[in-house]
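Structure below is start-v1.cif: mmCIF, C-alpha atoms and all ligand atoms.
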```
data_structure
#
loop_
_atom_site.label_atom_id
_atom_site.label_comp_id
_atom_site.auth_asym_id
_atom_site.auth_seq_id
_atom_site.Cartn_x
_atom_site.Cartn_y
_atom_site.Cartn_z
CA MET A 14 68.37 81.76 112.53
CA ILE A 15 67.81 83.01 116.08
CA TRP A 16 70.19 85.63 117.47
CA SER A 17 70.45 86.84 121.05
CA ILE A 18 72.10 90.25 121.19
CA LEU A 19 73.45 92.04 124.23
CA TYR A 20 73.51 95.77 123.50
CA ARG A 21 75.46 98.30 125.54
CA GLY A 22 75.67 101.92 124.38
CA PRO A 23 77.76 104.73 125.88
CA LEU A 24 75.24 105.66 128.60
CA SER A 25 76.73 105.01 132.02
CA GLY A 26 74.96 107.42 134.38
CA CYS A 27 72.71 106.21 137.13
CA ASN A 28 70.23 107.79 139.54
CA TYR A 29 71.23 105.37 142.33
CA SER A 30 74.41 105.36 144.37
CA CYS A 31 75.22 101.77 145.34
CA THR A 32 78.54 101.99 147.17
CA TYR A 33 80.17 99.12 145.26
CA CYS A 34 79.35 100.52 141.82
CA PRO A 35 81.56 102.78 139.67
CA PHE A 36 78.46 104.31 138.02
CA ALA A 37 76.86 105.44 141.28
CA LYS A 38 75.26 108.87 140.84
CA LYS A 39 77.30 109.37 137.68
CA LYS A 40 75.63 111.91 135.43
CA ASP A 41 75.92 111.56 131.67
CA SER A 42 76.53 114.80 129.77
CA LYS A 43 73.96 116.01 127.28
CA LYS A 44 76.38 115.08 124.52
CA VAL A 45 76.71 111.49 125.73
CA LEU A 46 72.95 111.13 126.10
CA GLU A 47 72.41 112.45 122.58
CA MET A 48 74.99 110.06 121.17
CA ASP A 49 73.49 107.19 123.13
CA SER A 50 70.05 108.04 121.77
CA GLN A 51 71.23 108.33 118.15
CA GLN A 52 73.19 105.11 118.28
CA LEU A 53 70.30 103.26 119.88
CA HIS A 54 67.98 104.57 117.19
CA LYS A 55 70.37 103.30 114.50
CA PHE A 56 70.53 99.90 116.20
CA VAL A 57 66.73 99.66 116.38
CA ASN A 58 66.51 100.46 112.65
CA TRP A 59 69.12 97.80 111.89
CA VAL A 60 67.13 95.22 113.86
CA SER A 61 64.00 96.14 111.91
CA ILE A 62 65.59 95.13 108.59
CA GLN A 63 66.93 91.76 109.76
CA SER A 64 63.76 90.16 108.50
CA ASP A 65 65.24 86.68 107.95
CA LYS A 66 66.15 86.32 111.68
CA THR A 67 64.43 86.12 114.99
CA ILE A 68 66.25 88.52 117.28
CA ASN A 69 66.19 88.54 121.08
CA ILE A 70 67.71 91.58 122.73
CA LEU A 71 68.99 92.28 126.23
CA PHE A 72 70.08 95.83 126.97
CA THR A 73 72.88 95.79 129.52
CA PRO A 74 73.65 99.49 130.12
CA TRP A 75 76.52 100.36 132.42
CA GLY A 76 74.16 102.70 134.28
CA GLU A 77 70.36 102.98 134.36
CA GLY A 78 68.79 103.18 130.91
CA LEU A 79 65.09 102.91 131.64
CA ILE A 80 64.91 106.39 133.19
CA ARG A 81 65.69 107.64 129.67
CA LYS A 82 62.88 108.01 127.17
CA HIS A 83 64.98 106.76 124.28
CA TYR A 84 65.28 103.32 125.92
CA GLN A 85 61.57 103.23 126.65
CA ASP A 86 60.81 104.15 123.03
CA ALA A 87 63.32 101.58 121.73
CA ILE A 88 61.69 98.82 123.81
CA ILE A 89 58.22 99.78 122.60
CA GLN A 90 59.37 99.80 118.96
CA LEU A 91 61.35 96.57 119.16
CA SER A 92 58.51 94.75 120.92
CA GLN A 93 56.26 95.56 117.98
CA MET A 94 58.60 94.17 115.31
CA PRO A 95 57.61 90.77 113.89
CA ASN A 96 61.24 89.59 113.76
CA VAL A 97 61.92 90.39 117.43
CA GLY A 98 61.30 87.47 119.76
CA LYS A 99 61.98 89.31 122.98
CA VAL A 100 63.33 92.57 124.30
CA SER A 101 64.67 92.89 127.81
CA ILE A 102 66.76 95.34 129.86
CA GLN A 103 68.64 95.28 133.13
CA THR A 104 67.06 97.93 135.34
CA ASN A 105 66.82 99.13 138.92
CA LEU A 106 63.07 99.62 138.25
CA SER A 107 63.11 103.20 139.53
CA CYS A 108 61.40 104.60 136.44
CA LYS A 109 57.69 105.17 135.96
CA LEU A 110 56.05 102.18 134.26
CA LYS A 111 52.98 103.49 132.47
CA TRP A 112 54.84 103.73 129.14
CA LEU A 113 54.91 99.92 129.05
CA GLU A 114 51.21 99.99 128.17
CA SER A 115 52.25 100.96 124.63
CA SER A 116 54.53 97.95 124.22
CA ASN A 117 53.72 94.50 122.93
CA LYS A 118 53.69 92.92 126.37
CA GLU A 119 54.10 89.43 124.97
CA LYS A 120 57.65 90.34 123.96
CA VAL A 121 58.86 92.52 126.83
CA ALA A 122 60.55 90.96 129.87
CA LEU A 123 62.50 92.94 132.46
CA TRP A 124 65.62 91.95 134.38
CA THR A 125 65.06 93.99 137.54
CA THR A 126 67.40 94.34 140.49
CA TYR A 127 66.49 95.40 144.01
CA HIS A 128 69.08 97.61 145.68
CA PRO A 129 68.25 97.58 149.42
CA THR A 130 70.40 100.63 150.21
CA GLN A 131 68.71 102.76 147.53
CA THR A 132 65.00 102.08 147.89
CA THR A 133 62.71 100.34 150.34
CA LEU A 134 61.22 96.87 150.08
CA THR A 135 57.76 98.44 150.08
CA GLN A 136 58.59 100.80 147.21
CA PHE A 137 60.19 98.05 145.14
CA LEU A 138 57.30 95.64 145.75
CA ASN A 139 54.91 98.37 144.70
CA LYS A 140 56.73 98.56 141.35
CA CYS A 141 56.51 94.77 141.03
CA GLN A 142 52.76 94.93 141.64
CA GLN A 143 52.49 97.53 138.88
CA LEU A 144 54.29 95.14 136.52
CA ASP A 145 51.90 92.37 137.57
CA ILE A 146 48.90 94.58 136.79
CA LEU A 147 50.47 95.52 133.43
CA LYS A 148 51.15 91.81 132.78
CA ILE A 149 54.82 92.44 132.08
CA LYS A 150 57.14 89.49 132.73
CA TYR A 151 60.14 90.15 134.97
CA SER A 152 62.69 88.60 137.27
CA VAL A 153 63.91 90.20 140.48
CA GLY A 154 67.51 89.97 141.60
CA VAL A 155 69.56 90.99 144.59
CA VAL A 156 73.31 91.08 145.18
CA GLY A 157 74.07 88.42 147.77
CA PHE A 158 75.77 90.43 150.48
CA ARG A 159 75.62 88.37 153.67
CA GLU A 160 74.18 91.27 155.65
CA ALA A 161 71.36 91.52 153.09
CA LEU A 162 70.24 87.90 153.59
CA PRO A 163 67.39 88.66 156.05
CA GLU A 164 65.99 91.26 153.66
CA ILE A 165 66.39 88.90 150.69
CA GLU A 166 64.39 86.28 152.61
CA MET A 167 61.77 88.89 153.39
CA MET A 168 61.63 89.82 149.71
CA ARG A 169 61.01 86.16 148.83
CA GLN A 170 58.14 86.00 151.31
CA LYS A 171 56.47 89.14 150.03
CA LEU A 172 57.07 88.78 146.30
CA SER A 173 54.41 87.09 144.21
CA LYS A 174 54.99 83.33 144.21
CA SER A 175 55.06 83.37 140.43
CA THR A 176 58.04 85.76 140.34
CA TYR A 177 61.53 84.30 140.28
CA LEU A 178 63.98 85.87 142.72
CA TRP A 179 67.64 85.29 141.89
CA ILE A 180 70.70 86.07 143.95
CA ASN A 181 74.03 87.18 142.50
CA ALA A 182 76.63 85.39 144.60
CA LEU A 183 79.86 87.11 145.64
CA LYS A 184 82.66 84.84 144.48
CA LYS A 185 85.93 86.70 145.07
CA ASN A 186 86.44 85.21 148.51
CA PRO A 187 85.74 81.45 148.41
CA ASP A 188 85.04 81.44 152.16
CA TYR A 189 82.63 84.36 152.08
CA TYR A 190 79.54 82.23 152.66
CA SER A 191 79.02 79.73 155.45
CA THR A 192 77.27 76.43 154.72
CA ASP A 193 74.20 77.86 156.40
CA ASP A 194 74.30 81.00 154.22
CA ILE A 195 74.31 78.80 151.13
CA ARG A 196 71.43 76.75 152.48
CA ARG A 197 69.42 79.91 153.11
CA MET A 198 70.23 81.33 149.68
CA SER A 199 69.27 78.04 148.01
CA VAL A 200 65.85 78.19 149.64
CA VAL A 201 65.32 81.63 148.09
CA ASP A 202 66.95 80.82 144.73
CA PRO A 203 67.02 77.10 143.92
CA HIS A 204 69.28 77.86 140.93
CA ILE A 205 71.95 79.74 142.83
CA HIS A 206 74.37 76.84 142.30
CA TYR A 207 74.91 78.16 138.76
CA ASN A 208 76.01 81.50 140.13
CA LEU A 209 78.04 80.29 143.12
CA GLN A 210 80.91 79.24 140.88
CA ASN A 211 83.06 80.51 138.06
CA HIS A 212 82.47 77.90 135.38
CA GLU A 213 85.47 76.41 133.67
CA SER A 214 85.07 77.64 130.10
CA LYS A 215 88.38 77.61 128.20
CA GLY A 216 88.09 75.30 125.21
CA PHE A 217 84.38 74.70 125.66
CA TYR A 218 81.83 75.61 123.00
CA CYS A 219 79.90 78.74 123.83
CA ARG A 220 77.17 80.27 121.69
CA ALA A 221 78.87 83.66 122.15
CA GLY A 222 80.26 84.72 118.78
CA HIS A 223 77.95 82.34 116.94
CA THR A 224 74.27 82.83 117.74
CA THR A 225 74.71 85.36 120.52
CA PHE A 226 76.97 88.41 120.59
CA SER A 227 77.54 91.81 122.17
CA VAL A 228 77.10 95.09 120.31
CA ASN A 229 78.25 98.55 121.37
CA GLY A 230 76.91 101.92 120.30
CA ASP A 231 79.17 102.06 117.23
CA GLY A 232 77.86 98.68 116.10
CA ASP A 233 81.12 96.93 116.96
CA VAL A 234 80.62 93.31 117.84
CA SER A 235 82.48 91.23 120.39
CA ARG A 236 81.52 87.66 121.11
CA CYS A 237 80.52 88.54 124.69
CA HIS A 238 80.99 91.23 127.31
CA PHE A 239 84.01 89.39 128.71
CA ILE A 240 86.15 88.97 125.61
CA LYS A 241 86.79 92.43 124.24
CA GLU A 242 88.22 91.53 120.83
CA ILE A 243 86.10 93.12 118.08
CA ILE A 244 85.05 90.50 115.57
CA GLY A 245 83.05 92.72 113.22
CA ASN A 246 80.46 95.44 112.97
CA ILE A 247 76.75 94.92 112.46
CA TYR A 248 76.65 97.76 109.92
CA ASP A 249 79.16 96.00 107.62
CA VAL A 250 77.62 94.01 104.77
CA ASP A 251 79.75 90.93 105.44
CA PHE A 252 79.07 90.95 109.17
CA GLU A 253 77.31 87.59 109.34
CA GLN A 254 80.42 85.81 108.07
CA ARG A 255 82.11 86.67 111.39
CA LEU A 256 79.62 84.54 113.29
CA PHE A 257 80.52 80.88 113.55
CA PRO A 258 81.00 78.30 116.34
CA LYS A 259 83.81 79.28 118.69
CA LEU A 260 85.48 77.86 121.78
CA CYS A 261 85.82 80.12 124.82
CA ILE A 262 89.33 81.51 125.37
CA ASN A 263 88.79 82.69 128.95
CA ASP A 264 89.62 80.36 131.84
CA THR A 265 86.26 80.79 133.53
CA CYS A 266 82.91 82.49 133.14
CA GLY A 267 81.06 83.63 136.24
CA CYS A 268 78.24 85.95 135.14
CA HIS A 269 74.74 84.83 134.19
CA ILE A 270 74.88 86.88 130.95
CA GLY A 271 77.89 84.80 129.90
CA TYR A 272 77.78 81.24 131.21
CA VAL A 273 74.17 80.76 130.12
CA HIS A 274 75.59 80.43 126.60
CA LEU A 275 78.03 77.67 127.54
CA GLU A 276 76.49 74.66 125.88
CA LYS A 277 77.82 72.20 128.47
CA LEU A 278 75.65 73.77 131.19
CA ASN A 279 72.42 73.05 129.29
CA ILE A 280 70.85 75.87 131.25
CA GLU A 281 67.68 75.66 129.14
CA LYS A 282 66.50 72.86 131.39
CA ASP A 283 65.98 75.36 134.21
CA PHE A 284 65.45 78.64 132.37
CA GLY A 285 63.63 77.53 129.20
CA ASP A 286 63.21 80.60 127.02
CA GLY A 287 63.71 82.95 129.98
CA ILE A 288 67.50 82.84 129.80
CA LEU A 289 68.05 86.45 128.69
CA GLU A 290 65.80 88.05 131.28
CA ARG A 291 66.84 85.48 133.90
CA ILE A 292 63.40 84.03 134.54
CA ALA A 293 63.65 80.40 135.62
CA THR A 294 60.88 78.01 134.68
CA ASN A 295 61.04 75.96 137.88
CA PHE A 296 61.56 77.48 141.31
S1 LIG B 1 71.55 100.77 140.35
FE1 LIG B 1 73.07 99.54 139.23
S2 LIG B 1 74.16 101.01 137.92
FE2 LIG B 1 73.05 102.19 139.48
S3 LIG B 1 74.54 102.55 141.12
FE3 LIG B 1 73.37 100.68 141.65
S4 LIG B 1 74.57 98.95 140.79
FE4 LIG B 1 75.31 100.87 139.82
S1 LIG B 2 81.93 81.20 128.28
FE1 LIG B 2 81.65 83.32 128.95
S2 LIG B 2 83.63 84.32 128.56
FE2 LIG B 2 83.58 82.43 127.34
S3 LIG B 2 82.81 83.04 125.34
FE3 LIG B 2 81.06 82.35 126.55
S4 LIG B 2 80.22 84.20 127.46
FE4 LIG B 2 82.31 84.69 126.77
#
```

Can you present the structure in this file as structure tokens?
Amino acid sequence: MIWSILYRGPLSGCNYSCTYCPFAKKKDSKKVLEMDSQQLHKFVNWVSIQSDKTINILFTPWGEGLIRKHYQDAIIQLSQMPNVGKVSIQTNLSCKLKWLESSNKEKVALWTTYHPTQTTLTQFLNKCQQLDILKIKYSVGVVGFREALPEIEMMRQKLSKSTYLWINALKKNPDYYSTDDIRRMSVVDPHIHYNLQNHESKGFYCRAGHTTFSVNGDGDVSRCHFIKEIIGNIYDVDFEQRLFPKLCINDTCGCHIGYVHLEKLNIEKDFGDGILERIATNF
């Protein structure tokens, strides 16, 4: 059995201040950070005893986790477990990277996002070069604000050719992008068509709740980040019985961390085993 787990603990603070984000410059209290650390430690221990599974993990903190040592330690530990296939985290890549030398680099893959208002292209590319030297796999993403398009194109030119650059499309306003914007974005990210739409999902089989699921700091499980109903708790002995094939109950699914599990999209053909960390195989 192969499980893909999205873990999100209580941490929600971030060292960046992107204007569109509710976690901008939010500072977690000492108490929250301690709880986050303890709960993460418990989760890592639980993963270590799931010896009959292969477990892939994507940390999706509300804020920035990698500036915290307990996430760095968790990634190092998980990467060294024989039953872990992959460990990944969504990060703004602002942290120091030397600690990654202690990880099993074969199993670590980072989902990094460039925030043009918070750092410079040069600084971000320098971090990418450090990852290249460390031989850590990673994708780079940018939010597709129209005014950021020139910088996104510049990023594509300067980034290593072997690094996939994805764009998160803004979908609230269907007329937000012109035909030419979409053409330009498709040159940068040939797979942006997946993200330019909210995929019809109600009644379709999705691996969420079956072989992939979301876990919070208490161990509560929901099938995905977008359907909040708790279906069990990983620390309960009968937990596995709650996992079985399910049909999506939401009308649509518009985020990569969700629609990639919709079987009808067959996204493996473009992302292979890089689905969790968003690394496409062909671009
Ligand atoms: S880096 Fe991410 S979490 Fe932090 S403020 Fe920006 S969007 Fe929010
Ligand atoms: S399609 Fe999206 S919203 Fe529906 S179950 Fe899957 S991940 Fe959740």

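Shortest separation to Gln63 of chain A among A:Val228, A:Met168, A:Val45, A:Ile247 occurs at residue A:Ile247, atoms counted being only C-alpha atoms.
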
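Here atom CA of Ile288 of chain A is placed at a distance of 21.7 Å from atom CA of Gln90 of chain A.
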
Write out as a compact mmCIF listing (two decimals) with C-alpha atoms, in the coordinates of the input the residues lying within 7 Å of Val100 of chain A, counting only C-alpha atoms and excluding same-chain residues fewer than 4 positions away.
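Result went into result_6.txt, see below:
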```
# COMPACT_ATOMS: atom_id res chain seq x y z
CA ASN A 69 66.19 88.54 121.08
CA ILE A 70 67.71 91.58 122.73
CA LEU A 71 68.99 92.28 126.23
CA ILE A 88 61.69 98.82 123.81
CA LEU A 91 61.35 96.57 119.16
CA SER A 92 58.51 94.75 120.92
CA LYS A 120 57.65 90.34 123.96
CA VAL A 121 58.86 92.52 126.83
CA ALA A 122 60.55 90.96 129.87
```

Handout entry: Test item: residues no farther than 6 Å from ligand LIG 2 (chain B), counting all atoms listed in the file, as a ChimeraX atom specification
Key = /A:214,219,221,237,239-240,261,263,266,271-272,274-275

Practice task
Please check which protein, DNA or RNA residues sit within 7 Å of ligand LIG 1 (chain B), counting all atoms listed in the file, and write them as a ChimeraX atom specification.
Solution key: /A:27-31,34-38,75-77,105,128

Write out, as a compact mmCIF listing (two decimals), in the frame of the given file, the residues just selected, with C-alpha atoms.
```txt
# COMPACT_ATOMS: atom_id res chain seq x y z
CA CYS A 27 72.71 106.21 137.13
CA ASN A 28 70.23 107.79 139.54
CA TYR A 29 71.23 105.37 142.33
CA SER A 30 74.41 105.36 144.37
CA CYS A 31 75.22 101.77 145.34
CA CYS A 34 79.35 100.52 141.82
CA PRO A 35 81.56 102.78 139.67
CA PHE A 36 78.46 104.31 138.02
CA ALA A 37 76.86 105.44 141.28
CA LYS A 38 75.26 108.87 140.84
CA TRP A 75 76.52 100.36 132.42
CA GLY A 76 74.16 102.70 134.28
CA GLU A 77 70.36 102.98 134.36
CA ASN A 105 66.82 99.13 138.92
CA HIS A 128 69.08 97.61 145.68
```
